[in-house]
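Source file entry-v1.txt; content: compact mmCIF, N, CA and C atoms.
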# COMPACT_ATOMS: atom_id res chain seq x y z
N MET A 1 0.82 -1.20 0.00
CA MET A 1 0.00 0.00 0.00
C MET A 1 0.87 1.26 0.00
N GLY A 2 2.18 1.08 -0.25
CA GLY A 2 3.04 2.24 -0.39
C GLY A 2 3.66 2.75 0.89
N GLY A 3 3.52 2.03 1.98
CA GLY A 3 4.07 2.50 3.24
C GLY A 3 5.48 2.01 3.49
N THR A 4 6.12 2.58 4.48
CA THR A 4 7.45 2.16 4.90
C THR A 4 7.37 1.81 6.37
N TYR A 5 7.86 0.64 6.73
CA TYR A 5 7.84 0.17 8.11
C TYR A 5 9.25 0.23 8.65
N ARG A 6 9.46 0.92 9.77
CA ARG A 6 10.79 1.07 10.35
C ARG A 6 10.74 0.59 11.80
N ALA A 7 10.76 -0.73 12.00
CA ALA A 7 10.68 -1.31 13.34
C ALA A 7 11.89 -0.89 14.16
N GLY A 8 11.65 -0.48 15.39
CA GLY A 8 12.72 -0.16 16.32
C GLY A 8 13.43 1.15 16.02
N ALA A 9 12.95 1.93 15.07
CA ALA A 9 13.60 3.19 14.75
C ALA A 9 13.43 4.17 15.90
N GLU A 10 14.49 4.88 16.22
CA GLU A 10 14.43 5.88 17.28
C GLU A 10 14.15 7.24 16.67
N VAL A 11 13.02 7.82 17.04
CA VAL A 11 12.61 9.11 16.50
C VAL A 11 13.29 10.22 17.32
N GLN A 12 13.98 11.10 16.61
CA GLN A 12 14.63 12.25 17.26
C GLN A 12 13.71 13.47 17.24
N GLY A 13 12.86 13.55 16.22
CA GLY A 13 11.96 14.69 16.13
C GLY A 13 11.03 14.53 14.95
N ALA A 14 9.95 15.31 14.96
CA ALA A 14 8.98 15.29 13.86
C ALA A 14 8.48 16.71 13.66
N ARG A 15 8.24 17.06 12.39
CA ARG A 15 7.75 18.39 12.06
C ARG A 15 6.68 18.27 10.98
N PHE A 16 5.52 18.86 11.25
CA PHE A 16 4.42 18.90 10.28
C PHE A 16 4.45 20.27 9.62
N ASP A 17 4.35 20.30 8.31
CA ASP A 17 4.44 21.58 7.59
C ASP A 17 3.15 22.39 7.67
N GLY A 18 2.16 21.86 8.38
CA GLY A 18 0.91 22.57 8.54
C GLY A 18 -0.06 22.40 7.40
N PHE A 19 0.37 21.63 6.40
CA PHE A 19 -0.49 21.48 5.23
C PHE A 19 -0.63 20.03 4.80
N SER A 20 0.50 19.37 4.44
CA SER A 20 0.34 18.05 3.85
C SER A 20 1.44 17.05 4.13
N GLN A 21 2.55 17.47 4.74
CA GLN A 21 3.65 16.52 4.92
C GLN A 21 4.23 16.57 6.32
N VAL A 22 4.72 15.40 6.73
CA VAL A 22 5.41 15.27 8.01
C VAL A 22 6.84 14.86 7.71
N GLU A 23 7.77 15.50 8.38
CA GLU A 23 9.19 15.12 8.26
C GLU A 23 9.64 14.57 9.60
N VAL A 24 10.16 13.37 9.58
CA VAL A 24 10.59 12.68 10.80
C VAL A 24 12.10 12.48 10.74
N SER A 25 12.78 12.93 11.80
CA SER A 25 14.23 12.75 11.92
C SER A 25 14.49 11.55 12.79
N LEU A 26 15.29 10.61 12.29
CA LEU A 26 15.61 9.39 13.02
C LEU A 26 17.04 9.43 13.54
N ALA A 27 17.29 8.68 14.62
CA ALA A 27 18.65 8.54 15.12
C ALA A 27 19.50 7.95 14.00
N GLY A 28 20.71 8.38 13.89
CA GLY A 28 21.57 7.90 12.82
C GLY A 28 21.55 8.81 11.61
N GLY A 29 20.70 9.84 11.63
CA GLY A 29 20.70 10.83 10.57
C GLY A 29 19.67 10.68 9.47
N ASP A 30 18.96 9.57 9.42
CA ASP A 30 17.93 9.39 8.38
C ASP A 30 16.78 10.36 8.60
N THR A 31 16.19 10.81 7.50
CA THR A 31 15.00 11.66 7.54
C THR A 31 13.96 11.05 6.62
N LEU A 32 12.74 10.93 7.10
CA LEU A 32 11.62 10.42 6.30
C LEU A 32 10.62 11.54 6.08
N THR A 33 10.09 11.62 4.88
CA THR A 33 9.04 12.58 4.58
C THR A 33 7.84 11.79 4.11
N ALA A 34 6.67 12.10 4.68
CA ALA A 34 5.47 11.33 4.35
C ALA A 34 4.22 12.19 4.50
N ASP A 35 3.14 11.70 3.91
CA ASP A 35 1.84 12.35 4.07
C ASP A 35 1.28 12.07 5.46
N ILE A 36 1.52 10.85 5.95
CA ILE A 36 0.99 10.40 7.23
C ILE A 36 2.08 9.61 7.95
N VAL A 37 2.17 9.79 9.26
CA VAL A 37 3.11 9.01 10.08
C VAL A 37 2.31 8.37 11.21
N PHE A 38 2.51 7.08 11.38
CA PHE A 38 1.90 6.36 12.50
C PHE A 38 3.03 5.84 13.36
N ALA A 39 3.03 6.21 14.63
CA ALA A 39 4.08 5.75 15.54
C ALA A 39 3.43 4.96 16.66
N ALA A 40 3.96 3.78 16.95
CA ALA A 40 3.45 2.93 18.03
C ALA A 40 4.56 2.75 19.05
N PHE A 41 4.24 2.97 20.30
CA PHE A 41 5.24 2.94 21.35
C PHE A 41 5.03 1.83 22.35
N GLY A 42 4.12 0.92 22.09
CA GLY A 42 3.86 -0.18 23.01
C GLY A 42 2.82 0.20 24.06
N ARG A 43 2.51 -0.77 24.90
CA ARG A 43 1.51 -0.56 25.94
C ARG A 43 2.08 -0.99 27.28
N VAL A 44 1.56 -0.39 28.32
CA VAL A 44 1.93 -0.79 29.67
C VAL A 44 0.64 -1.02 30.46
N ALA A 45 0.75 -1.82 31.49
CA ALA A 45 -0.41 -2.08 32.35
C ALA A 45 -0.75 -0.80 33.12
N ASN A 46 -2.02 -0.45 33.19
CA ASN A 46 -2.46 0.73 33.93
C ASN A 46 -2.90 0.29 35.32
N LEU A 47 -1.93 0.10 36.21
CA LEU A 47 -2.22 -0.41 37.55
C LEU A 47 -2.05 0.64 38.63
N ASP A 48 -1.64 1.84 38.25
CA ASP A 48 -1.43 2.90 39.24
C ASP A 48 -2.74 3.37 39.85
N GLY A 49 -2.70 3.62 41.14
CA GLY A 49 -3.83 4.22 41.82
C GLY A 49 -4.97 3.29 42.17
N ILE A 50 -4.81 1.98 42.00
CA ILE A 50 -5.91 1.08 42.34
C ILE A 50 -5.61 0.25 43.59
N GLY A 51 -4.51 0.56 44.26
CA GLY A 51 -4.21 -0.06 45.54
C GLY A 51 -3.40 -1.34 45.51
N LEU A 52 -2.92 -1.74 44.34
CA LEU A 52 -2.16 -2.98 44.27
C LEU A 52 -0.84 -2.90 45.02
N ASP A 53 -0.30 -1.68 45.16
CA ASP A 53 0.96 -1.51 45.87
C ASP A 53 0.84 -1.94 47.34
N ARG A 54 -0.34 -1.84 47.92
CA ARG A 54 -0.54 -2.25 49.32
C ARG A 54 -0.56 -3.76 49.48
N LEU A 55 -0.78 -4.48 48.38
CA LEU A 55 -0.82 -5.94 48.43
C LEU A 55 0.55 -6.58 48.29
N GLU A 56 1.53 -5.81 47.85
CA GLU A 56 2.88 -6.32 47.61
C GLU A 56 2.89 -7.45 46.58
N LEU A 57 2.13 -7.25 45.51
CA LEU A 57 2.16 -8.21 44.41
C LEU A 57 3.50 -8.12 43.69
N ALA A 58 4.01 -9.25 43.27
CA ALA A 58 5.26 -9.27 42.50
C ALA A 58 4.98 -8.75 41.10
N VAL A 59 5.79 -7.79 40.66
CA VAL A 59 5.67 -7.26 39.30
C VAL A 59 7.04 -7.36 38.62
N ASN A 60 7.02 -7.43 37.30
CA ASN A 60 8.27 -7.51 36.56
C ASN A 60 8.78 -6.11 36.23
N SER A 61 9.86 -6.03 35.48
CA SER A 61 10.49 -4.75 35.17
C SER A 61 9.60 -3.83 34.33
N ARG A 62 8.61 -4.37 33.65
CA ARG A 62 7.69 -3.54 32.85
C ARG A 62 6.42 -3.19 33.61
N GLY A 63 6.35 -3.59 34.87
CA GLY A 63 5.19 -3.25 35.69
C GLY A 63 4.03 -4.20 35.57
N HIS A 64 4.24 -5.37 34.96
CA HIS A 64 3.17 -6.36 34.83
C HIS A 64 3.19 -7.29 36.04
N VAL A 65 2.00 -7.68 36.48
CA VAL A 65 1.86 -8.59 37.61
C VAL A 65 2.36 -9.97 37.21
N GLU A 66 3.19 -10.57 38.06
CA GLU A 66 3.70 -11.91 37.81
C GLU A 66 2.66 -12.94 38.23
N VAL A 67 2.45 -13.96 37.40
CA VAL A 67 1.51 -15.04 37.71
C VAL A 67 2.15 -16.38 37.35
N ASN A 68 1.60 -17.44 37.93
CA ASN A 68 2.04 -18.79 37.56
C ASN A 68 1.15 -19.32 36.44
N GLU A 69 1.29 -20.59 36.10
CA GLU A 69 0.52 -21.17 34.99
C GLU A 69 -0.98 -21.22 35.26
N ARG A 70 -1.38 -21.03 36.52
CA ARG A 70 -2.81 -21.00 36.87
C ARG A 70 -3.31 -19.56 37.05
N PHE A 71 -2.45 -18.59 36.70
CA PHE A 71 -2.75 -17.16 36.79
C PHE A 71 -2.88 -16.67 38.22
N GLU A 72 -2.27 -17.41 39.14
CA GLU A 72 -2.25 -16.99 40.54
C GLU A 72 -1.00 -16.15 40.78
N THR A 73 -1.17 -15.07 41.51
CA THR A 73 -0.04 -14.18 41.82
C THR A 73 0.80 -14.79 42.93
N ASN A 74 1.78 -14.05 43.40
CA ASN A 74 2.62 -14.50 44.51
C ASN A 74 1.85 -14.55 45.83
N ILE A 75 0.64 -13.99 45.84
CA ILE A 75 -0.21 -14.04 47.04
C ILE A 75 -1.29 -15.09 46.79
N PRO A 76 -1.27 -16.20 47.54
CA PRO A 76 -2.26 -17.26 47.32
C PRO A 76 -3.70 -16.72 47.37
N GLY A 77 -4.49 -17.14 46.38
CA GLY A 77 -5.89 -16.73 46.32
C GLY A 77 -6.14 -15.46 45.52
N ILE A 78 -5.08 -14.80 45.05
CA ILE A 78 -5.24 -13.61 44.22
C ILE A 78 -4.74 -13.95 42.82
N TYR A 79 -5.61 -13.75 41.85
CA TYR A 79 -5.34 -14.11 40.46
C TYR A 79 -5.33 -12.85 39.60
N ALA A 80 -4.64 -12.92 38.48
CA ALA A 80 -4.60 -11.78 37.55
C ALA A 80 -4.60 -12.32 36.12
N ALA A 81 -5.16 -11.55 35.21
CA ALA A 81 -5.21 -11.93 33.79
C ALA A 81 -5.30 -10.67 32.95
N GLY A 82 -5.11 -10.84 31.65
CA GLY A 82 -5.28 -9.72 30.72
C GLY A 82 -4.11 -8.77 30.71
N ASP A 83 -4.40 -7.50 30.44
CA ASP A 83 -3.35 -6.49 30.30
C ASP A 83 -2.49 -6.37 31.55
N ALA A 84 -3.04 -6.69 32.71
CA ALA A 84 -2.28 -6.58 33.96
C ALA A 84 -1.06 -7.48 33.98
N ILE A 85 -1.11 -8.60 33.23
CA ILE A 85 0.01 -9.54 33.25
C ILE A 85 0.90 -9.43 32.01
N GLY A 86 0.54 -8.56 31.09
CA GLY A 86 1.42 -8.30 29.95
C GLY A 86 0.99 -9.00 28.68
N PRO A 87 1.92 -9.03 27.71
CA PRO A 87 1.61 -9.56 26.38
C PRO A 87 1.02 -10.96 26.43
N PRO A 88 0.11 -11.27 25.50
CA PRO A 88 -0.11 -10.56 24.27
C PRO A 88 -1.06 -9.37 24.36
N ALA A 89 -1.66 -9.08 25.48
CA ALA A 89 -2.51 -7.90 25.66
C ALA A 89 -3.58 -7.77 24.57
N LEU A 90 -4.24 -8.86 24.29
CA LEU A 90 -5.34 -8.89 23.33
C LEU A 90 -6.59 -9.39 24.04
N ALA A 91 -7.74 -8.89 23.64
CA ALA A 91 -9.00 -9.27 24.28
C ALA A 91 -9.24 -10.77 24.23
N CYS A 92 -8.92 -11.40 23.11
CA CYS A 92 -9.16 -12.84 22.99
C CYS A 92 -8.28 -13.62 23.98
N ALA A 93 -7.05 -13.19 24.18
CA ALA A 93 -6.16 -13.85 25.14
C ALA A 93 -6.63 -13.57 26.56
N ALA A 94 -7.02 -12.34 26.85
CA ALA A 94 -7.46 -11.98 28.19
C ALA A 94 -8.71 -12.76 28.60
N ALA A 95 -9.62 -12.96 27.66
CA ALA A 95 -10.83 -13.73 27.96
C ALA A 95 -10.46 -15.16 28.33
N ASP A 96 -9.56 -15.77 27.57
CA ASP A 96 -9.12 -17.13 27.88
C ASP A 96 -8.39 -17.17 29.20
N GLN A 97 -7.52 -16.21 29.46
CA GLN A 97 -6.79 -16.16 30.73
C GLN A 97 -7.76 -16.01 31.90
N GLY A 98 -8.77 -15.16 31.74
CA GLY A 98 -9.75 -14.95 32.80
C GLY A 98 -10.55 -16.20 33.11
N ARG A 99 -10.92 -16.94 32.07
CA ARG A 99 -11.63 -18.21 32.29
C ARG A 99 -10.75 -19.19 33.05
N ARG A 100 -9.47 -19.26 32.67
CA ARG A 100 -8.54 -20.17 33.34
C ARG A 100 -8.31 -19.75 34.78
N ALA A 101 -8.18 -18.47 35.03
CA ALA A 101 -7.99 -17.97 36.39
C ALA A 101 -9.22 -18.29 37.25
N ALA A 102 -10.41 -18.12 36.69
CA ALA A 102 -11.64 -18.41 37.44
C ALA A 102 -11.73 -19.89 37.78
N LEU A 103 -11.40 -20.75 36.82
CA LEU A 103 -11.42 -22.20 37.11
C LEU A 103 -10.43 -22.53 38.22
N ALA A 104 -9.23 -21.97 38.14
CA ALA A 104 -8.21 -22.23 39.16
C ALA A 104 -8.67 -21.72 40.53
N ALA A 105 -9.30 -20.55 40.56
CA ALA A 105 -9.78 -19.98 41.82
C ALA A 105 -10.82 -20.87 42.48
N PHE A 106 -11.59 -21.60 41.69
CA PHE A 106 -12.60 -22.51 42.23
C PHE A 106 -12.09 -23.93 42.38
N GLY A 107 -10.77 -24.11 42.21
CA GLY A 107 -10.17 -25.42 42.42
C GLY A 107 -10.39 -26.39 41.29
N LEU A 108 -10.80 -25.90 40.13
CA LEU A 108 -11.03 -26.76 38.97
C LEU A 108 -9.82 -26.71 38.05
N GLU A 109 -9.60 -27.78 37.33
CA GLU A 109 -8.46 -27.85 36.41
C GLU A 109 -8.87 -27.33 35.04
N PRO A 110 -8.22 -26.27 34.55
CA PRO A 110 -8.56 -25.78 33.21
C PRO A 110 -8.06 -26.74 32.15
N PRO A 111 -8.64 -26.68 30.95
CA PRO A 111 -8.16 -27.55 29.87
C PRO A 111 -6.70 -27.25 29.56
N ALA A 112 -6.05 -28.19 28.91
CA ALA A 112 -4.64 -28.03 28.56
C ALA A 112 -4.46 -26.79 27.68
N VAL A 113 -3.35 -26.11 27.89
CA VAL A 113 -3.01 -24.95 27.07
C VAL A 113 -2.65 -25.44 25.68
N THR A 114 -3.17 -24.76 24.70
CA THR A 114 -2.89 -25.12 23.31
C THR A 114 -2.33 -23.92 22.58
N SER A 115 -1.54 -24.17 21.58
CA SER A 115 -1.01 -23.07 20.77
C SER A 115 -2.03 -22.63 19.73
N LEU A 116 -3.17 -23.29 19.67
CA LEU A 116 -4.18 -22.98 18.66
C LEU A 116 -5.26 -22.06 19.19
N VAL A 117 -4.86 -21.03 19.92
CA VAL A 117 -5.81 -20.03 20.39
C VAL A 117 -5.89 -18.94 19.33
N PRO A 118 -7.08 -18.73 18.76
CA PRO A 118 -7.20 -17.72 17.72
C PRO A 118 -6.93 -16.33 18.27
N THR A 119 -6.31 -15.51 17.46
CA THR A 119 -6.02 -14.13 17.83
C THR A 119 -6.58 -13.23 16.75
N GLY A 120 -7.26 -12.18 17.15
CA GLY A 120 -7.78 -11.22 16.20
C GLY A 120 -7.45 -9.81 16.64
N VAL A 121 -7.08 -8.97 15.71
CA VAL A 121 -6.82 -7.57 15.97
C VAL A 121 -7.75 -6.79 15.07
N TYR A 122 -8.59 -5.96 15.69
CA TYR A 122 -9.64 -5.29 14.95
C TYR A 122 -9.15 -3.97 14.41
N THR A 123 -8.43 -4.06 13.29
CA THR A 123 -7.90 -2.90 12.59
C THR A 123 -8.47 -2.93 11.18
N ILE A 124 -8.05 -2.00 10.35
CA ILE A 124 -8.44 -2.02 8.95
C ILE A 124 -7.15 -2.08 8.15
N PRO A 125 -6.83 -3.17 7.48
CA PRO A 125 -7.60 -4.41 7.44
C PRO A 125 -7.42 -5.20 8.73
N GLU A 126 -8.35 -6.11 9.00
CA GLU A 126 -8.27 -6.94 10.19
C GLU A 126 -7.09 -7.89 10.09
N ILE A 127 -6.58 -8.29 11.26
CA ILE A 127 -5.48 -9.25 11.33
C ILE A 127 -5.95 -10.40 12.19
N ALA A 128 -5.75 -11.62 11.75
CA ALA A 128 -6.12 -12.77 12.55
C ALA A 128 -5.13 -13.89 12.31
N CYS A 129 -4.94 -14.72 13.33
CA CYS A 129 -4.07 -15.87 13.16
C CYS A 129 -4.46 -16.95 14.15
N VAL A 130 -4.01 -18.16 13.85
CA VAL A 130 -4.18 -19.28 14.76
C VAL A 130 -3.05 -20.25 14.46
N GLY A 131 -2.51 -20.86 15.49
CA GLY A 131 -1.46 -21.85 15.28
C GLY A 131 -0.08 -21.23 15.20
N LEU A 132 0.78 -21.86 14.42
CA LEU A 132 2.18 -21.50 14.35
C LEU A 132 2.44 -20.42 13.31
N SER A 133 3.43 -19.59 13.60
CA SER A 133 3.92 -18.67 12.58
C SER A 133 4.98 -19.41 11.78
N LEU A 134 5.37 -18.87 10.66
CA LEU A 134 6.42 -19.50 9.86
C LEU A 134 7.72 -19.57 10.65
N ALA A 135 7.99 -18.53 11.45
CA ALA A 135 9.24 -18.49 12.22
C ALA A 135 9.25 -19.51 13.36
N GLN A 136 8.08 -19.83 13.93
CA GLN A 136 8.03 -20.75 15.06
C GLN A 136 8.31 -22.18 14.65
N GLY A 137 7.65 -22.68 13.66
CA GLY A 137 7.90 -24.01 13.17
C GLY A 137 7.44 -25.14 14.08
N SER A 138 7.25 -24.89 15.34
CA SER A 138 6.75 -25.90 16.27
C SER A 138 5.92 -25.18 17.32
N PRO A 139 5.06 -25.91 18.04
CA PRO A 139 4.19 -25.25 19.02
C PRO A 139 4.98 -24.47 20.05
N PRO A 140 4.52 -23.25 20.41
CA PRO A 140 5.21 -22.48 21.43
C PRO A 140 5.08 -23.14 22.80
N LYS A 141 6.07 -22.93 23.65
CA LYS A 141 5.99 -23.42 25.02
C LYS A 141 4.95 -22.60 25.76
N ARG A 142 4.40 -23.13 26.81
CA ARG A 142 3.37 -22.45 27.59
C ARG A 142 3.86 -21.05 27.99
N SER A 143 5.10 -20.93 28.41
CA SER A 143 5.59 -19.65 28.90
C SER A 143 5.63 -18.58 27.82
N THR A 144 5.73 -18.97 26.54
CA THR A 144 5.79 -17.96 25.50
C THR A 144 4.40 -17.42 25.18
N TRP A 145 3.33 -18.17 25.43
CA TRP A 145 1.99 -17.65 25.16
C TRP A 145 1.54 -16.75 26.29
N TRP A 146 1.80 -17.12 27.50
CA TRP A 146 1.34 -16.30 28.63
C TRP A 146 2.40 -15.33 28.99
When written as structure tokens, how does the structure in this file appear?
Amino acid sequence: MGGTYRAGAEVQGARFDGFSQVEVSLAGGDTLTADIVFAAFGRVANLDGIGLDRLELAVNSRGHVEVNERFETNIPGIYAAGDAIGPPALACAAADQGRRAALAAFGLEPPAVTSLVPTGVYTIPEIACVGLSLAQGSPPKRSTWW
């Protein structure tokens, strides 16, 4: 569609001419000129101000709550799922994680983890996948999905 993708590029600055073009200066001296620029900086869990700090939950370096394979935190009886625990940070994954956490909380055994969990991203055009990527070649380990 005529776009340029620059994964991991460090933006030093951007300037809009007020009419039709954006000029982006990248680390290393490159300059890009475009009609439209889309920059994505990742997501972080929004856990500030809800009192989790008083519970002394274990969190990783990115601020995500640490959980075991049953989605239980370091405090027995407290479970976490979805964006709070980090990637993949998708609604379809969070729903599955939440179901598994609820089963574990009630002492029930959730079904085996499978690499065939469908993923959908509601963009234009939509993106969806299930199973292995070409790079994976074999089913991901449980730790790579959660």
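Rounded to one decimal, atom CA of A:Ala58 and atom CA of A:Ala101 lie 17.0 Å from each other.
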Point (-2.4, -2.2, 22.8) neighbourhood (8 Å, all atoms listed in the file) written as a PyMOL selection string: chain A and resi 42-44+88-90
Taking the chain letters and numbering used in this document, name the residues of stretch 23-101 of chain A that DSSP puts in strand (DSSP E or B), as a list in words. Glu23, Val24, Ser25, Leu26, Thr31, Leu32, Thr33, Ala34, Val59, Val65, Glu72 and Tyr79 of chain A
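Straight-line separation from atom CA of A:Leu26 to atom CA of A:Gln12: 5.2 Å.
If only N, CA and C atoms are the atoms counted, then among A:Gly120, A:Gly13, A:Pro76, A:Gly107 the closest residue to A:Cys92 is A:Gly120.
Non-sequential neighbours of A:Leu32 (distance at most 7 Å, separation of 6 or more positions within a chain, all atoms listed in the file) are A:Val22, A:Glu23, A:Val24, A:Ser25, A:Leu26.
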Those residues you just picked out, can you put them in a file as a PDB file, in the frame of the given file with N, CA and C atoms?
ATOM      1  N   VAL A  22       4.720  15.400   6.730  1.00  0.00           N
ATOM      2  CA  VAL A  22       5.410  15.270   8.010  1.00  0.00           C
ATOM      3  C   VAL A  22       6.840  14.860   7.710  1.00  0.00           C
ATOM      4  N   GLU A  23       7.770  15.500   8.380  1.00  0.00           N
ATOM      5  CA  GLU A  23       9.190  15.120   8.260  1.00  0.00           C
ATOM      6  C   GLU A  23       9.640  14.570   9.600  1.00  0.00           C
ATOM      7  N   VAL A  24      10.160  13.370   9.580  1.00  0.00           N
ATOM      8  CA  VAL A  24      10.590  12.680  10.800  1.00  0.00           C
ATOM      9  C   VAL A  24      12.100  12.480  10.740  1.00  0.00           C
ATOM     10  N   SER A  25      12.780  12.930  11.800  1.00  0.00           N
ATOM     11  CA  SER A  25      14.230  12.750  11.920  1.00  0.00           C
ATOM     12  C   SER A  25      14.490  11.550  12.790  1.00  0.00           C
ATOM     13  N   LEU A  26      15.290  10.610  12.290  1.00  0.00           N
ATOM     14  CA  LEU A  26      15.610   9.390  13.020  1.00  0.00           C
ATOM     15  C   LEU A  26      17.040   9.430  13.540  1.00  0.00           C
TER      16      LEU A  26
END
Please provide as a JSON list (two decimals) with N, CA and C atoms, in the coordinates of the input all residues within 10 Å of A:Phe38, with the sequence filter that same-chain residues fewer than 2 positions apart are discarded (counting only C-alpha atoms).
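Written output follows (out_11.json):
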[["chain", "number", "residue", "atom", "x", "y", "z"],
["A", 5, "TYR", "N", 7.86, 0.64, 6.73],
["A", 5, "TYR", "CA", 7.84, 0.17, 8.11],
["A", 5, "TYR", "C", 9.25, 0.23, 8.65],
["A", 36, "ILE", "N", 1.52, 10.85, 5.95],
["A", 36, "ILE", "CA", 0.99, 10.40, 7.23],
["A", 36, "ILE", "C", 2.08, 9.61, 7.95],
["A", 40, "ALA", "N", 3.96, 3.78, 16.95],
["A", 40, "ALA", "CA", 3.45, 2.93, 18.03],
["A", 40, "ALA", "C", 4.56, 2.75, 19.05]]
Between atom CA of A:Val11 and atom N of A:Ala27, distance in Å (one decimal): 5.1 Å
Would you give the centre and edge lengths, in Å to one decimal, of a box along x, y and z around the listed atoms of stretch 99-104 of chain A, with 4 Å added to each side, as AutoDock Vina command-line options?
--center_x -9.9 --center_y -19.7 --center_z 36.3 --size_x 11.7 --size_y 13.6 --size_z 16.5
Would you kindly identify which residues have an atom no farther than 8 Å from (1.6, -7.4, 44.7), using only N, CA and C atoms and the file's own coordinates, and write them out as a PyMOL selection string? chain A and resi 51-59+65-66+73-75
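Closest to A:Gly2 among A:Ala34, A:Leu132, A:Ala81, A:Ala91 is A:Ala34, based on only C-alpha atoms.
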Contacts of A:Gln21 at 6.5 Å or less, counting all atoms listed in the file, minus same-chain residues fewer than 2 places along, as a ChimeraX atom specification? /A:15-19,23,33-36
Store the residues of this selection in a file with N, CA and C atoms, as a PDB file, in the frame of the given file.
ATOM      1  N   ARG A  15       8.240  17.060  12.390  1.00  0.00           N
ATOM      2  CA  ARG A  15       7.750  18.390  12.060  1.00  0.00           C
ATOM      3  C   ARG A  15       6.680  18.270  10.980  1.00  0.00           C
ATOM      4  N   PHE A  16       5.520  18.860  11.250  1.00  0.00           N
ATOM      5  CA  PHE A  16       4.420  18.900  10.280  1.00  0.00           C
ATOM      6  C   PHE A  16       4.450  20.270   9.620  1.00  0.00           C
ATOM      7  N   ASP A  17       4.350  20.300   8.310  1.00  0.00           N
ATOM      8  CA  ASP A  17       4.440  21.580   7.590  1.00  0.00           C
ATOM      9  C   ASP A  17       3.150  22.390   7.670  1.00  0.00           C
ATOM     10  N   GLY A  18       2.160  21.860   8.380  1.00  0.00           N
ATOM     11  CA  GLY A  18       0.910  22.570   8.540  1.00  0.00           C
ATOM     12  C   GLY A  18      -0.060  22.400   7.400  1.00  0.00           C
ATOM     13  N   PHE A  19       0.370  21.630   6.400  1.00  0.00           N
ATOM     14  CA  PHE A  19      -0.490  21.480   5.230  1.00  0.00           C
ATOM     15  C   PHE A  19      -0.630  20.030   4.800  1.00  0.00           C
ATOM     16  N   GLU A  23       7.770  15.500   8.380  1.00  0.00           N
ATOM     17  CA  GLU A  23       9.190  15.120   8.260  1.00  0.00           C
ATOM     18  C   GLU A  23       9.640  14.570   9.600  1.00  0.00           C
ATOM     19  N   THR A  33      10.090  11.620   4.880  1.00  0.00           N
ATOM     20  CA  THR A  33       9.040  12.580   4.580  1.00  0.00           C
ATOM     21  C   THR A  33       7.840  11.790   4.110  1.00  0.00           C
ATOM     22  N   ALA A  34       6.670  12.100   4.680  1.00  0.00           N
ATOM     23  CA  ALA A  34       5.470  11.330   4.350  1.00  0.00           C
ATOM     24  C   ALA A  34       4.220  12.190   4.500  1.00  0.00           C
ATOM     25  N   ASP A  35       3.140  11.700   3.910  1.00  0.00           N
ATOM     26  CA  ASP A  35       1.840  12.350   4.070  1.00  0.00           C
ATOM     27  C   ASP A  35       1.280  12.070   5.460  1.00  0.00           C
ATOM     28  N   ILE A  36       1.520  10.850   5.950  1.00  0.00           N
ATOM     29  CA  ILE A  36       0.990  10.400   7.230  1.00  0.00           C
ATOM     30  C   ILE A  36       2.080   9.610   7.950  1.00  0.00           C
TER      31      ILE A  36
END
